[in-house]
$ cat target-v8.cif   # mmCIF, C-alpha atoms
data_data
loop_
_atom_site.group_PDB
_atom_site.id
_atom_site.type_symbol
_atom_site.label_atom_id
_atom_site.label_comp_id
_atom_site.auth_asym_id
_atom_site.auth_seq_id
_atom_site.Cartn_x
_atom_site.Cartn_y
_atom_site.Cartn_z
ATOM 1 C CA ASP A 5 109.094 44.462 117.060
ATOM 2 C CA ALA A 6 105.318 44.579 116.873
ATOM 3 C CA GLY A 7 103.426 41.650 118.316
ATOM 4 C CA VAL A 8 100.362 39.999 116.847
ATOM 5 C CA THR A 9 97.834 42.704 116.010
ATOM 6 C CA GLN A 10 94.113 42.163 115.695
ATOM 7 C CA SER A 11 91.340 44.439 114.533
ATOM 8 C CA PRO A 12 88.869 45.563 115.557
ATOM 9 C CA THR A 13 89.266 45.282 119.336
ATOM 10 C CA HIS A 14 85.540 45.275 119.973
ATOM 11 C CA LEU A 15 82.571 44.615 117.743
ATOM 12 C CA ILE A 16 78.814 44.485 118.236
ATOM 13 C CA LYS A 17 76.712 42.692 115.646
ATOM 14 C CA THR A 18 73.123 41.545 115.297
ATOM 15 C CA ARG A 19 72.015 37.955 114.832
ATOM 16 C CA GLY A 20 72.147 36.895 111.195
ATOM 17 C CA GLN A 21 74.840 39.393 110.236
ATOM 18 C CA HIS A 22 78.291 38.640 108.925
ATOM 19 C CA VAL A 23 81.599 39.627 110.544
ATOM 20 C CA THR A 24 85.235 39.774 109.410
ATOM 21 C CA LEU A 25 88.060 39.773 111.922
ATOM 22 C CA ARG A 26 91.621 40.592 110.930
ATOM 23 C CA CYS A 27 95.014 39.526 112.184
ATOM 24 C CA SER A 28 98.582 40.499 111.383
ATOM 25 C CA PRO A 29 101.206 38.033 112.621
ATOM 26 C CA ILE A 30 104.586 38.859 114.048
ATOM 27 C CA SER A 31 107.007 39.718 111.262
ATOM 28 C CA GLY A 32 108.567 36.531 109.912
ATOM 29 C CA HIS A 33 105.843 34.266 111.262
ATOM 30 C CA LYS A 34 104.170 32.217 108.558
ATOM 31 C CA SER A 35 101.626 30.359 110.687
ATOM 32 C CA VAL A 36 98.408 31.942 111.897
ATOM 33 C CA SER A 37 95.853 30.209 114.114
ATOM 34 C CA TRP A 38 92.425 31.334 115.287
ATOM 35 C CA TYR A 39 90.842 30.474 118.611
ATOM 36 C CA GLN A 40 87.440 31.221 120.119
ATOM 37 C CA GLN A 41 87.264 31.897 123.853
ATOM 38 C CA VAL A 42 83.808 31.929 125.358
ATOM 39 C CA LEU A 43 83.528 33.700 128.697
ATOM 40 C CA GLY A 44 84.753 31.516 131.547
ATOM 41 C CA GLN A 45 86.383 28.898 129.321
ATOM 42 C CA GLY A 46 89.731 28.212 127.752
ATOM 43 C CA PRO A 47 90.324 29.013 124.073
ATOM 44 C CA GLN A 48 89.103 26.543 121.462
ATOM 45 C CA PHE A 49 90.886 25.964 118.171
ATOM 46 C CA ILE A 50 89.096 27.118 115.019
ATOM 47 C CA PHE A 51 91.660 27.188 112.190
ATOM 48 C CA GLN A 52 95.338 27.154 111.397
ATOM 49 C CA TYR A 53 96.950 28.460 108.229
ATOM 50 C CA TYR A 54 100.562 27.970 107.280
ATOM 51 C CA GLU A 55 102.101 29.324 104.118
ATOM 52 C CA LYS A 56 98.617 30.373 102.975
ATOM 53 C CA GLU A 57 97.220 26.857 103.159
ATOM 54 C CA GLU A 58 94.695 25.574 105.667
ATOM 55 C CA ARG A 59 96.507 23.133 107.930
ATOM 56 C CA GLY A 60 93.834 22.412 110.473
ATOM 57 C CA ARG A 61 90.199 22.994 111.277
ATOM 58 C CA GLY A 62 88.467 22.632 114.612
ATOM 59 C CA ASN A 63 84.945 21.472 115.325
ATOM 60 C CA PHE A 64 83.162 24.588 114.109
ATOM 61 C CA PRO A 65 80.301 24.892 111.602
ATOM 62 C CA ASP A 66 80.801 25.930 107.989
ATOM 63 C CA ARG A 67 79.643 29.430 108.926
ATOM 64 C CA PHE A 68 83.226 29.937 110.045
ATOM 65 C CA SER A 69 85.833 30.404 107.340
ATOM 66 C CA ALA A 70 89.273 31.941 107.106
ATOM 67 C CA ARG A 71 92.047 32.727 104.696
ATOM 68 C CA GLN A 72 95.656 33.814 104.752
ATOM 69 C CA PHE A 73 97.111 36.402 102.413
ATOM 70 C CA PRO A 74 100.526 36.512 100.699
ATOM 71 C CA ASN A 75 101.834 38.796 103.475
ATOM 72 C CA TYR A 76 100.717 36.111 105.992
ATOM 73 C CA SER A 77 97.984 38.257 107.513
ATOM 74 C CA SER A 78 94.677 36.493 107.987
ATOM 75 C CA GLU A 79 90.935 37.047 108.109
ATOM 76 C CA LEU A 80 88.337 35.081 110.021
ATOM 77 C CA ASN A 81 84.816 35.306 108.630
ATOM 78 C CA VAL A 82 81.660 34.268 110.406
ATOM 79 C CA ASN A 83 78.333 34.217 108.573
ATOM 80 C CA ALA A 84 74.783 34.133 109.928
ATOM 81 C CA LEU A 85 75.865 35.135 113.428
ATOM 82 C CA LEU A 86 74.238 33.461 116.413
ATOM 83 C CA LEU A 87 74.073 34.673 120.001
ATOM 84 C CA GLY A 88 76.431 31.814 120.900
ATOM 85 C CA ASP A 89 79.137 33.282 118.673
ATOM 86 C CA SER A 90 79.681 36.005 121.271
ATOM 87 C CA ALA A 91 83.246 35.459 122.449
ATOM 88 C CA LEU A 92 86.802 36.700 122.433
ATOM 89 C CA TYR A 93 88.452 35.694 119.151
ATOM 90 C CA LEU A 94 92.169 35.225 119.491
ATOM 91 C CA CYS A 95 94.700 35.122 116.709
ATOM 92 C CA ALA A 96 98.077 33.495 117.267
ATOM 93 C CA SER A 97 101.182 33.291 115.133
ATOM 94 C CA SER A 98 104.317 31.206 115.159
ATOM 95 C CA PRO A 99 107.317 30.847 112.853
ATOM 96 C CA THR A 100 106.708 27.139 112.325
ATOM 97 C CA PRO A 101 103.561 25.074 111.959
ATOM 98 C CA VAL A 102 104.063 23.188 115.215
ATOM 99 C CA SER A 103 104.422 24.696 118.683
ATOM 100 C CA SER A 104 107.464 23.913 120.738
ATOM 101 C CA TYR A 105 109.791 25.604 123.218
ATOM 102 C CA ASN A 106 111.495 27.367 120.367
ATOM 103 C CA SER A 107 108.316 28.429 118.651
ATOM 104 C CA PRO A 108 105.402 28.816 121.048
ATOM 105 C CA LEU A 109 102.217 30.415 119.856
ATOM 106 C CA HIS A 110 102.201 34.196 120.268
ATOM 107 C CA PHE A 111 98.720 35.578 120.752
ATOM 108 C CA GLY A 112 97.185 38.957 120.015
ATOM 109 C CA ASN A 113 94.872 40.874 122.351
ATOM 110 C CA GLY A 114 91.838 39.456 120.627
ATOM 111 C CA THR A 115 88.630 40.820 119.177
ATOM 112 C CA ARG A 116 85.691 40.839 121.548
ATOM 113 C CA LEU A 117 82.568 40.060 119.530
ATOM 114 C CA THR A 118 79.121 40.612 120.996
ATOM 115 C CA VAL A 119 76.112 39.325 119.089
ATOM 116 C CA THR A 120 72.748 40.804 120.115
ATOM 117 C CA ALA B 15 90.351 11.460 124.783
ATOM 118 C CA GLN B 16 93.061 14.014 125.284
ATOM 119 C CA LYS B 17 92.216 16.403 128.095
ATOM 120 C CA ILE B 18 93.647 19.153 130.267
ATOM 121 C CA THR B 19 92.199 19.589 133.752
ATOM 122 C CA GLN B 20 92.676 22.614 135.965
ATOM 123 C CA THR B 21 90.746 21.975 139.154
ATOM 124 C CA GLN B 22 91.249 25.380 140.811
ATOM 125 C CA PRO B 23 88.799 27.950 139.424
ATOM 126 C CA GLY B 24 90.331 30.631 141.658
ATOM 127 C CA MET B 25 93.362 31.054 143.874
ATOM 128 C CA PHE B 26 94.684 33.900 145.938
ATOM 129 C CA VAL B 27 98.146 34.533 147.326
ATOM 130 C CA GLN B 28 99.829 37.218 149.378
ATOM 131 C CA GLU B 29 102.337 39.378 147.593
ATOM 132 C CA LYS B 30 105.908 37.978 147.737
ATOM 133 C CA GLU B 31 104.722 34.462 148.535
ATOM 134 C CA ALA B 32 104.864 31.441 146.216
ATOM 135 C CA VAL B 33 101.800 29.819 144.673
ATOM 136 C CA THR B 34 101.201 26.564 142.805
ATOM 137 C CA LEU B 35 98.608 26.265 140.058
ATOM 138 C CA ASP B 36 97.562 22.715 139.277
ATOM 139 C CA CYS B 37 97.336 21.058 135.869
ATOM 140 C CA THR B 38 96.735 17.419 135.051
ATOM 141 C CA TYR B 39 96.538 16.002 131.580
ATOM 142 C CA ASP B 40 95.606 12.879 129.736
ATOM 143 C CA THR B 41 97.208 11.772 126.497
ATOM 144 C CA SER B 42 98.224 8.562 124.777
ATOM 145 C CA ASP B 43 100.994 10.280 122.829
ATOM 146 C CA PRO B 44 104.431 9.353 124.268
ATOM 147 C CA SER B 45 105.900 12.606 122.938
ATOM 148 C CA TYR B 46 104.112 15.757 123.984
ATOM 149 C CA GLY B 47 104.634 19.269 125.201
ATOM 150 C CA LEU B 48 102.880 21.293 127.843
ATOM 151 C CA PHE B 49 102.492 25.068 127.795
ATOM 152 C CA TRP B 50 101.424 27.596 130.389
ATOM 153 C CA TYR B 51 99.901 30.902 129.337
ATOM 154 C CA LYS B 52 98.900 33.966 131.349
ATOM 155 C CA GLN B 53 95.878 36.019 130.324
ATOM 156 C CA PRO B 54 95.544 39.460 131.952
ATOM 157 C CA SER B 55 92.270 41.326 131.741
ATOM 158 C CA SER B 56 93.469 42.857 128.451
ATOM 159 C CA GLY B 57 92.807 39.475 126.819
ATOM 160 C CA GLU B 58 96.245 38.744 125.409
ATOM 161 C CA MET B 59 97.571 35.241 126.032
ATOM 162 C CA ILE B 60 101.193 35.506 127.191
ATOM 163 C CA PHE B 61 103.435 32.454 126.848
ATOM 164 C CA LEU B 62 105.168 31.662 130.148
ATOM 165 C CA ILE B 63 106.872 28.292 130.059
ATOM 166 C CA TYR B 64 107.103 25.008 128.166
ATOM 167 C CA GLN B 65 107.835 21.453 129.291
ATOM 168 C CA GLY B 66 108.606 18.666 126.859
ATOM 169 C CA SER B 67 107.727 15.114 127.837
ATOM 170 C CA TYR B 68 111.315 13.951 127.310
ATOM 171 C CA ASP B 69 112.994 16.897 129.006
ATOM 172 C CA GLN B 70 115.291 15.633 131.725
ATOM 173 C CA GLN B 71 114.768 18.591 134.016
ATOM 174 C CA ASN B 72 111.786 20.626 135.111
ATOM 175 C CA ALA B 73 111.449 23.814 133.101
ATOM 176 C CA THR B 74 112.223 27.167 134.703
ATOM 177 C CA GLU B 75 111.830 30.707 133.388
ATOM 178 C CA GLY B 76 112.626 33.423 135.882
ATOM 179 C CA ARG B 77 110.005 33.303 138.648
ATOM 180 C CA TYR B 78 108.101 30.541 136.859
ATOM 181 C CA SER B 79 108.896 26.872 137.218
ATOM 182 C CA LEU B 80 107.126 23.645 136.426
ATOM 183 C CA ASN B 81 106.660 20.805 138.873
ATOM 184 C CA PHE B 82 106.473 18.094 136.197
ATOM 185 C CA GLN B 83 105.486 14.630 137.410
ATOM 186 C CA LYS B 84 105.208 12.507 134.299
ATOM 187 C CA ALA B 85 103.967 9.336 135.982
ATOM 188 C CA ARG B 86 101.154 11.284 137.634
ATOM 189 C CA LYS B 87 100.493 13.258 134.424
ATOM 190 C CA SER B 88 100.716 16.573 136.194
ATOM 191 C CA ALA B 89 102.496 19.787 135.262
ATOM 192 C CA ASN B 90 101.903 22.307 138.014
ATOM 193 C CA LEU B 91 103.051 25.888 137.583
ATOM 194 C CA VAL B 92 104.913 27.425 140.499
ATOM 195 C CA ILE B 93 105.155 31.202 140.706
ATOM 196 C CA SER B 94 107.683 32.397 143.238
ATOM 197 C CA ALA B 95 107.723 35.807 144.921
ATOM 198 C CA SER B 96 104.257 36.759 143.645
ATOM 199 C CA GLN B 97 103.744 40.296 142.412
ATOM 200 C CA LEU B 98 100.540 42.303 142.055
ATOM 201 C CA GLY B 99 100.988 42.136 138.279
ATOM 202 C CA ASP B 100 100.688 38.341 138.429
ATOM 203 C CA SER B 101 96.929 38.706 138.984
ATOM 204 C CA ALA B 102 95.427 37.111 135.860
ATOM 205 C CA MET B 103 93.954 33.940 134.385
ATOM 206 C CA TYR B 104 96.416 31.109 133.894
ATOM 207 C CA PHE B 105 95.920 28.375 131.309
ATOM 208 C CA CYS B 106 97.614 25.045 130.895
ATOM 209 C CA ALA B 107 97.662 23.681 127.335
ATOM 210 C CA MET B 108 99.068 20.886 125.215
ATOM 211 C CA ARG B 109 99.214 20.150 121.544
ATOM 212 C CA ASP B 110 96.458 17.880 120.248
ATOM 213 C CA GLU B 111 98.078 14.506 119.590
ATOM 214 C CA PHE B 112 95.878 14.013 116.549
ATOM 215 C CA SER B 113 96.678 17.377 115.001
ATOM 216 C CA GLY B 114 99.547 16.017 112.957
ATOM 217 C CA GLY B 115 101.828 18.747 111.768
ATOM 218 C CA TYR B 116 99.925 21.714 112.995
ATOM 219 C CA ASN B 117 99.259 23.901 115.950
ATOM 220 C CA LYS B 118 96.002 22.836 117.551
ATOM 221 C CA LEU B 119 96.387 23.436 121.269
ATOM 222 C CA ILE B 120 93.962 22.063 123.828
ATOM 223 C CA PHE B 121 93.480 24.375 126.797
ATOM 224 C CA GLY B 122 92.233 23.773 130.302
ATOM 225 C CA ALA B 123 89.466 25.886 131.810
ATOM 226 C CA GLY B 124 91.987 28.116 133.550
ATOM 227 C CA THR B 125 92.688 29.321 137.087
ATOM 228 C CA ARG B 126 92.105 32.907 138.146
ATOM 229 C CA LEU B 127 94.923 34.090 140.403
ATOM 230 C CA ALA B 128 94.512 37.098 142.651
ATOM 231 C CA VAL B 129 97.595 38.531 144.359
ATOM 232 C CA HIS B 130 96.801 40.475 147.516
ATOM 233 C CA PRO B 131 99.083 43.215 148.883
#
$ encode --input "target-v8.cif" --output "structure tokens"
Amino acid sequence: DAGVTQSPTHLIKTRGQHVTLRCSPISGHKSVSWYQQVLGQGPQFIFQYYEKEERGRGNFPDRFSARQFPNYSSELNVNALLLGDSALYLCASSPTPVSSYNSPLHFGNGTRLTVT
Amino acid sequence: AQKITQTQPGMFVQEKEAVTLDCTYDTSDPSYGLFWYKQPSSGEMIFLIYQGSYDQQNATEGRYSLNFQKARKSANLVISASQLGDSAMYFCAMRDEFSGGYNKLIFGAGTRLAVHP
């Protein structure tokens, strides 16, 4: 079975531009979460979607938005990019909305975004 | 405030030896779960092991085990018989107690493990 897939793997953008990152969860997983990992730090929660509804939002500005599609894939959009948005963006899926032993978060390889 | 602390920025270990990676946490939630993830240079976060606060025994998964000391609020990861492929970043994480019914995990800063031949 395919794991969580993210595209693109790498991206270079200029300040002020917009970016869309994509994620396909593991088959059967209805929950998708997005995390931002700045170099040298642990991941920070951005959003979670479950059954196409937003279930949680982290402490990120309104420039960050996301959505989940009927096939449970997801997009993360970031507008008006800043240099500080440079990071690894991780997508994670799980079969249920809450992590546990039976349903830990499964992460993709991430999209490495560089803003110049 | 809820917090995960990993005090070892970097560790190294000789191949085939055991190593302990430290994790302490702070939470007011009586029911919680702790996760350990491994992040190779490829970037993917790989789930290793989970410990629930009410689990009677320390969690084990193959070469990974948790030294869970609830009163001290520590959940140290023990890797036995280290292999070269264990070289990676290791993150301790727990679910945000205020996240309600969703999946917000709080991560520590991580420990970089280097396994030497």
$ interface_residues --input "target-v8.cif" --of "chain A" --to "chain B" --cutoff "10 Å" --atoms "all atoms listed in the file" --output "ChimeraX atom specification"
/A:8,35-39,41,44-54,58-62,92-98,100-106,108-116
$ write_last_selection --input "target-v8.cif" --atoms "C-alpha atoms" --output "short mmCIF file (atom, residue, chain, number, x, y, z; two decimals), in the frame of the given file"
data_model
loop_
_atom_site.label_atom_id
_atom_site.label_comp_id
_atom_site.auth_asym_id
_atom_site.auth_seq_id
_atom_site.Cartn_x
_atom_site.Cartn_y
_atom_site.Cartn_z
CA VAL A 8 100.36 40.00 116.85
CA SER A 35 101.63 30.36 110.69
CA VAL A 36 98.41 31.94 111.90
CA SER A 37 95.85 30.21 114.11
CA TRP A 38 92.42 31.33 115.29
CA TYR A 39 90.84 30.47 118.61
CA GLN A 41 87.26 31.90 123.85
CA GLY A 44 84.75 31.52 131.55
CA GLN A 45 86.38 28.90 129.32
CA GLY A 46 89.73 28.21 127.75
CA PRO A 47 90.32 29.01 124.07
CA GLN A 48 89.10 26.54 121.46
CA PHE A 49 90.89 25.96 118.17
CA ILE A 50 89.10 27.12 115.02
CA PHE A 51 91.66 27.19 112.19
CA GLN A 52 95.34 27.15 111.40
CA TYR A 53 96.95 28.46 108.23
CA TYR A 54 100.56 27.97 107.28
CA GLU A 58 94.70 25.57 105.67
CA ARG A 59 96.51 23.13 107.93
CA GLY A 60 93.83 22.41 110.47
CA ARG A 61 90.20 22.99 111.28
CA GLY A 62 88.47 22.63 114.61
CA LEU A 92 86.80 36.70 122.43
CA TYR A 93 88.45 35.69 119.15
CA LEU A 94 92.17 35.22 119.49
CA CYS A 95 94.70 35.12 116.71
CA ALA A 96 98.08 33.49 117.27
CA SER A 97 101.18 33.29 115.13
CA SER A 98 104.32 31.21 115.16
CA THR A 100 106.71 27.14 112.32
CA PRO A 101 103.56 25.07 111.96
CA VAL A 102 104.06 23.19 115.22
CA SER A 103 104.42 24.70 118.68
CA SER A 104 107.46 23.91 120.74
CA TYR A 105 109.79 25.60 123.22
CA ASN A 106 111.50 27.37 120.37
CA PRO A 108 105.40 28.82 121.05
CA LEU A 109 102.22 30.42 119.86
CA HIS A 110 102.20 34.20 120.27
CA PHE A 111 98.72 35.58 120.75
CA GLY A 112 97.18 38.96 120.02
CA ASN A 113 94.87 40.87 122.35
CA GLY A 114 91.84 39.46 120.63
CA THR A 115 88.63 40.82 119.18
CA ARG A 116 85.69 40.84 121.55
#
$ atom_distance --input "target-v8.cif" --atom1 "atom CA of A:Arg26" --atom2 "atom CA of A:Leu43"
20.7 Å
$ closest_residue --input "target-v8.cif" --among "B:Ala32, B:Met25, B:Ala73, B:Ala15" --to "B:Val92" --atoms "all atoms listed in the file"
B:Ala32
$ residues_around --input "target-v8.cif" --residues "stretch 98-101 of chain B" --least-positions-apart "3" --cutoff "7 Å" --atoms "only C-alpha atoms" --output "PyMOL selection string"
chain B and resi 29+127-130
$ write_last_selection --input "target-v8.cif" --atoms "C-alpha atoms" --output "short mmCIF file (atom, residue, chain, number, x, y, z; two decimals), keeping the file's coordinate frame"
data_model
loop_
_atom_site.label_atom_id
_atom_site.label_comp_id
_atom_site.auth_asym_id
_atom_site.auth_seq_id
_atom_site.Cartn_x
_atom_site.Cartn_y
_atom_site.Cartn_z
CA GLU B 29 102.34 39.38 147.59
CA LEU B 127 94.92 34.09 140.40
CA ALA B 128 94.51 37.10 142.65
CA VAL B 129 97.60 38.53 144.36
CA HIS B 130 96.80 40.48 147.52
#
$ residues_around --input "target-v8.cif" --residues "A:Leu85" --least-positions-apart "4" --cutoff "9 Å" --atoms "only C-alpha atoms" --output "ChimeraX atom specification"
/A:17-23,67,89-90,119
$ decode --input "target-v8.cif" --residues "stretch 16-123 of chain B" --atoms "C-alpha atoms" --output "CSV table (one decimal), in the first residue's frame"
chain,number,residue,atom,x,y,z
B,16,GLN,CA,2.0,21.8,27.8
B,17,LYS,CA,5.5,21.2,26.7
B,18,ILE,CA,7.9,18.5,25.5
B,19,THR,CA,11.6,18.9,26.3
B,20,GLN,CA,14.4,17.0,24.6
B,21,THR,CA,17.6,18.2,26.2
B,22,GLN,CA,20.1,16.3,24.0
B,23,PRO,CA,20.6,18.1,20.7
B,24,GLY,CA,23.0,15.4,19.5
B,25,MET,CA,24.0,11.9,20.6
B,26,PHE,CA,26.4,9.4,19.2
B,27,VAL,CA,26.6,5.6,19.8
B,28,GLN,CA,28.8,2.8,18.6
B,29,GLU,CA,27.1,0.3,16.4
B,30,LYS,CA,25.5,-2.6,18.3
B,31,GLU,CA,25.4,-0.7,21.5
B,32,ALA,CA,22.3,0.6,23.3
B,33,VAL,CA,21.4,4.3,23.5
B,34,THR,CA,18.9,6.3,25.5
B,35,LEU,CA,17.2,9.4,24.2
B,36,ASP,CA,15.7,11.6,26.8
B,37,CYS,CA,12.2,13.2,26.8
B,38,THR,CA,10.4,15.0,29.6
B,39,TYR,CA,7.0,16.4,29.3
B,40,ASP,CA,4.6,18.7,31.1
B,41,THR,CA,0.8,18.3,31.0
B,42,SER,CA,-2.2,18.7,33.3
B,43,ASP,CA,-4.2,16.2,31.4
B,44,PRO,CA,-4.4,12.9,33.5
B,45,SER,CA,-5.0,10.9,30.3
B,46,TYR,CA,-2.3,11.4,27.6
B,47,GLY,CA,-0.2,9.6,25.1
B,48,LEU,CA,3.4,9.9,24.1
B,49,PHE,CA,4.8,9.2,20.7
B,50,TRP,CA,8.3,8.8,19.3
B,51,TYR,CA,9.1,9.5,15.7
B,52,LYS,CA,12.3,9.0,13.7
B,53,GLN,CA,13.1,11.5,10.9
B,54,PRO,CA,15.9,10.3,8.5
B,55,SER,CA,17.5,12.9,6.2
B,56,SER,CA,14.7,12.1,3.6
B,57,GLY,CA,12.3,14.1,5.8
B,58,GLU,CA,9.7,11.5,6.4
B,59,MET,CA,8.5,11.2,10.0
B,60,ILE,CA,8.4,7.5,10.9
B,61,PHE,CA,6.3,6.4,13.9
B,62,LEU,CA,8.3,4.2,16.3
B,63,ILE,CA,6.4,3.6,19.5
B,64,TYR,CA,3.5,4.9,21.7
B,65,GLN,CA,3.0,5.0,25.4
B,66,GLY,CA,-0.4,5.7,27.0
B,67,SER,CA,-0.4,7.3,30.4
B,68,TYR,CA,-2.5,4.4,31.9
B,69,ASP,CA,-0.6,1.6,30.2
B,70,GLN,CA,0.5,-0.8,32.9
B,71,GLN,CA,3.7,-1.8,31.2
B,72,ASN,CA,6.4,0.1,29.3
B,73,ALA,CA,5.9,0.0,25.6
B,74,THR,CA,8.2,-2.1,23.4
B,75,GLU,CA,8.5,-2.5,19.6
B,76,GLY,CA,11.3,-4.6,18.4
B,77,ARG,CA,14.6,-2.8,19.3
B,78,TYR,CA,12.7,0.2,20.6
B,79,SER,CA,11.5,0.4,24.2
B,80,LEU,CA,10.2,3.2,26.4
B,81,ASN,CA,11.5,3.9,29.9
B,82,PHE,CA,8.3,5.5,31.1
B,83,GLN,CA,8.5,7.2,34.6
B,84,LYS,CA,5.1,8.8,35.1
B,85,ALA,CA,5.9,10.5,38.4
B,86,ARG,CA,9.0,12.1,36.9
B,87,LYS,CA,7.1,12.9,33.6
B,88,SER,CA,9.8,11.3,31.5
B,89,ALA,CA,9.5,8.9,28.5
B,90,ASN,CA,12.9,8.1,27.4
B,91,LEU,CA,13.4,6.0,24.2
B,92,VAL,CA,15.9,3.2,24.4
B,93,ILE,CA,17.3,1.8,21.2
B,94,SER,CA,19.1,-1.5,21.6
B,95,ALA,CA,21.7,-3.0,19.3
B,96,SER,CA,22.1,0.2,17.3
B,97,GLN,CA,22.5,0.0,13.6
B,98,LEU,CA,24.0,2.4,11.1
B,99,GLY,CA,20.5,3.0,9.7
B,100,ASP,CA,19.4,4.3,13.1
B,101,SER,CA,21.3,7.6,12.4
B,102,ALA,CA,18.5,10.2,12.2
B,103,MET,CA,16.6,12.9,14.1
B,104,TYR,CA,14.3,11.5,16.9
B,105,PHE,CA,11.3,13.4,18.1
B,106,CYS,CA,9.2,12.9,21.2
B,107,ALA,CA,5.6,14.2,20.9
B,108,MET,CA,2.3,14.2,22.7
B,109,ARG,CA,-1.2,15.2,21.8
B,110,ASP,CA,-2.2,18.7,22.8
B,111,GLU,CA,-4.5,18.4,25.8
B,112,PHE,CA,-6.6,21.3,24.6
B,113,SER,CA,-7.0,20.0,21.1
B,114,GLY,CA,-10.3,18.2,21.9
B,115,GLY,CA,-11.1,15.6,19.4
B,116,TYR,CA,-8.4,16.2,16.9
B,117,ASN,CA,-4.8,15.4,16.1
B,118,LYS,CA,-2.7,18.4,17.2
B,119,LEU,CA,0.6,16.9,18.3
B,120,ILE,CA,3.2,18.9,20.2
B,121,PHE,CA,6.8,18.0,19.3
B,122,GLY,CA,10.1,18.4,21.1
B,123,ALA,CA,13.1,20.0,19.4
